[in-house]
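Structure file input-v8.txt; described as compact mmCIF, C-alpha atoms.
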# COMPACT_ATOMS: atom_id res chain seq x y z
CA MET E 12 127.25 160.84 154.08
CA ALA E 13 128.86 158.83 151.29
CA LYS E 14 126.75 157.56 148.41
CA LEU E 15 127.64 153.91 149.02
CA SER E 16 127.14 153.73 152.77
CA PHE E 17 126.11 150.34 154.11
CA ARG E 18 124.37 152.08 157.01
CA ARG E 19 121.71 153.35 154.62
CA TYR E 20 118.81 150.95 154.21
CA ASP E 21 118.16 151.80 150.57
CA THR E 22 121.77 150.88 149.75
CA GLN E 23 121.32 147.59 151.60
CA ALA E 24 118.12 146.96 149.62
CA ARG E 25 119.85 147.52 146.27
CA LEU E 26 122.82 145.43 147.31
CA SER E 27 120.59 142.58 148.47
CA VAL E 28 119.03 142.34 145.00
CA VAL E 29 122.42 142.43 143.26
CA ILE E 30 123.83 139.72 145.53
CA ALA E 31 120.63 137.66 145.18
CA LEU E 32 120.93 137.78 141.40
CA ALA E 33 124.59 136.73 141.66
CA SER E 34 123.48 133.76 143.76
CA VAL E 35 120.94 132.86 141.05
CA ALA E 36 123.78 132.81 138.51
CA THR E 37 125.93 130.54 140.67
CA MET E 38 122.92 128.29 141.33
CA LEU E 39 122.45 127.88 137.58
CA ILE E 40 126.12 126.90 137.29
CA LEU E 41 125.55 124.38 140.08
CA ALA E 42 122.52 122.94 138.27
CA PHE E 43 124.62 122.59 135.12
CA PHE E 44 127.34 120.73 137.03
CA VAL E 45 124.86 118.45 138.77
CA PHE E 46 122.81 117.52 135.72
CA ARG E 47 125.65 117.42 133.18
CA HIS E 48 126.04 113.63 133.05
CA ILE E 49 122.77 112.25 134.32
CA ASN E 50 121.25 108.91 133.42
CA TRP E 51 117.52 109.67 133.45
CA PRO E 52 116.14 106.08 133.37
CA GLU E 53 118.16 105.11 136.46
CA PHE E 54 118.34 108.68 137.85
CA LEU E 55 122.07 108.42 138.51
CA ILE E 56 124.55 111.26 138.22
CA TYR E 57 127.96 110.20 136.97
CA TYR E 58 131.00 112.32 137.79
CA GLY E 59 134.78 112.15 137.69
CA LYS E 60 137.18 112.74 140.53
CA ASN E 61 137.46 116.51 139.98
CA ARG E 62 133.77 117.36 139.82
CA ARG E 63 132.85 116.58 143.45
CA PRO E 64 135.10 119.30 144.96
CA ALA E 65 133.93 121.74 142.27
CA ILE E 66 130.30 121.08 143.17
CA TYR E 67 131.05 121.51 146.87
CA MET E 68 132.77 124.86 146.21
CA VAL E 69 130.00 126.16 143.95
CA THR E 70 127.42 125.07 146.54
CA ALA E 71 129.30 126.91 149.30
CA LEU E 72 129.64 130.05 147.17
CA THR E 73 125.96 129.98 146.23
CA MET E 74 124.87 129.54 149.84
CA LEU E 75 127.21 132.31 150.99
CA LEU E 76 125.84 134.76 148.43
CA ALA E 77 122.25 133.76 149.19
CA VAL E 78 122.72 134.16 152.95
CA ILE E 79 124.27 137.61 152.49
CA GLY E 80 121.44 138.70 150.17
CA PHE E 81 118.89 137.24 152.58
CA GLY E 82 120.41 139.05 155.55
CA LEU E 83 120.63 142.39 153.78
CA GLY E 84 117.06 142.11 152.52
CA TYR E 85 115.81 141.10 155.96
CA ASN E 86 117.69 143.89 157.69
CA SER E 87 116.47 146.65 155.39
CA ALA E 88 112.85 145.50 154.98
CA GLY E 89 110.37 147.34 157.14
CA GLN E 90 112.66 150.22 158.04
CA ARG E 91 111.05 153.66 158.00
CA ARG E 92 114.01 155.35 156.30
CA ASN E 93 114.09 152.79 153.48
CA ASP E 94 112.39 154.14 150.38
CA LYS E 95 113.21 150.95 148.43
CA GLN E 96 111.01 148.46 150.33
CA GLN E 97 110.23 146.47 147.16
CA LEU E 98 113.93 145.83 146.54
CA SER E 99 114.39 144.66 150.12
CA TRP E 100 111.61 142.12 149.81
CA LEU E 101 112.73 141.08 146.34
CA GLY E 102 116.28 140.38 147.54
CA PHE E 103 114.92 138.59 150.60
CA PHE E 104 112.61 136.22 148.68
CA ILE E 105 115.00 135.56 145.79
CA SER E 106 117.72 134.62 148.27
CA ALA E 107 115.35 132.40 150.25
CA GLY E 108 114.35 130.56 147.08
CA VAL E 109 117.96 130.17 146.00
CA MET E 110 118.90 128.72 149.39
CA CYS E 111 116.13 126.12 149.15
CA LEU E 112 116.90 125.14 145.56
CA THR E 113 120.64 124.97 146.25
CA LEU E 114 120.07 122.56 149.12
CA VAL E 115 117.80 120.44 146.90
CA LEU E 116 120.42 120.34 144.11
CA PHE E 117 123.18 119.48 146.56
CA PHE E 118 121.25 116.63 148.16
CA ILE E 119 120.23 115.25 144.77
CA PHE E 120 123.91 115.15 143.82
CA HIS E 121 124.94 113.77 147.20
CA LEU E 122 122.35 110.98 147.19
CA ARG E 123 122.30 110.02 143.50
CA GLY E 124 125.92 110.70 142.50
CA GLU E 125 128.08 107.79 141.27
CA SER E 126 131.83 108.23 140.91
CA ILE E 127 133.45 107.06 137.69
CA ILE E 128 137.24 107.07 137.62
CA ARG E 129 138.45 107.68 134.10
Go through the file and emit its structure as structure tokens.
Amino acid sequence: MAKLSFRRYDTQARLSVVIALASVATMLILAFFVFRHINWPEFLIYYGKNRRPAIYMVTALTMLLAVIGFGLGYNSAGQRRNDKQQLSWLGFFISAGVMCLTLVLFFIFHLRGESIIR
């Protein structure tokens, strides 16, 4: 069997961690975009006309990566032939946390964002 076979549960476990860490990186980019121009006393987020679609795309990419990492971690956790159980659970919980934080960041931007046309 090939070394990188997605049928193997240990490969799925390793891939879930890699994809979960990629989703953490995109979530940090999302947090930078959301909190780049924030007015803390009024808790308003100011943005131009090009930032809203960028935030929507980064949110979608982050959620896609997190869902894939979550699914791979969930699928490979608890399998008898998986000798990398810790990686399965790590990918699962990192992805679950990223999904929650991404939704929080998106709704903060959606509720508190104010458009400024420059």
Using all atoms listed in the file, which of E:Pro52, E:Gly59, E:Gly80, E:Pro64 sits nearest Phe104 in chain E? E:Gly80
Just give me the gap between CA of Tyr58 in chain E and CA of Ala36 in chain E in Å, one decimal is fine.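 Rounded to one decimal, the two atoms are 21.7 Å apart.
Residue nearest Phe44 in chain E within the list E:Leu101, E:Leu26, E:Phe120, E:Gly108: E:Phe120 [criterion: smallest interatomic distance, only C-alpha atoms].
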Tyr85 in chain E: which residues within 12 Å, counting all atoms listed in the file, same-chain residues fewer than 4 positions away excluded, as a list in words?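 Residues near the query, excluding close chain neighbours: Tyr20, Gln23, Ala24, Leu26, Ser27, Val28, Ala77, Val78, Ile79, Gly80, Phe81, Gly89, Gln90, Gln96, Gln97, Leu98, Ser99, Trp100, Leu101, Gly102, Phe103, Phe104, Ile105, Ser106 and Ala107 of chain E.
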I need the residue nearest Ile56 in chain E from this list: E:Phe43, E:Asp94, E:Thr113, E:Thr37. Use only C-alpha atoms for the distance.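 Closest residue, counting only C-alpha atoms: E:Phe43.
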Nearest to Leu112 in chain E among E:Asn50, E:Ser34, E:Asn61, E:Asn86, with distances taken over all atoms listed in the file: which residue is it? E:Ser34
Could you please determine the separation between CA of Arg91 in chain E and CA of Arg19 in chain E in Å, to one decimal place?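 Those two atoms sit 11.2 Å apart.
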Near Val45 in chain E, within 8 Å and counting all atoms listed in the file, which residues show up once chain neighbours fewer than 3 positions away are dropped, as a list in words? Leu41, Ala42, His48, Ile49, Ile56, Ile66, Leu116 and Phe120 of chain E
Point out the residue among E:Ala88, E:Leu114, E:Asp21, E:Arg62 with the least atom-to-atom distance to Arg47 in chain E, counting all atoms listed in the file. E:Arg62
E:Glu53, E:Lys95, E:Lys60, E:Phe46: which is nearest Ile119 in chain E, counting only C-alpha atoms?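 For Ile119 in chain E, the nearest of the candidates is E:Phe46.
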To one decimal place, how far is CA of Val109 in chain E from CA of Ile30 in chain E in Å?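 So the two atoms, CA of Val109 in chain E and CA of Ile30 in chain E, lie 11.2 Å apart.
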Adding 5 Å on each side of the box along x, y and z that holds all listed atoms of range 25-37 of chain E, could you give its centre and edge lengths in Å to one decimal, as JSON?
{"center_x": 122.5, "center_y": 139.0, "center_z": 143.5, "size_x": 16.9, "size_y": 27.0, "size_z": 20.0}
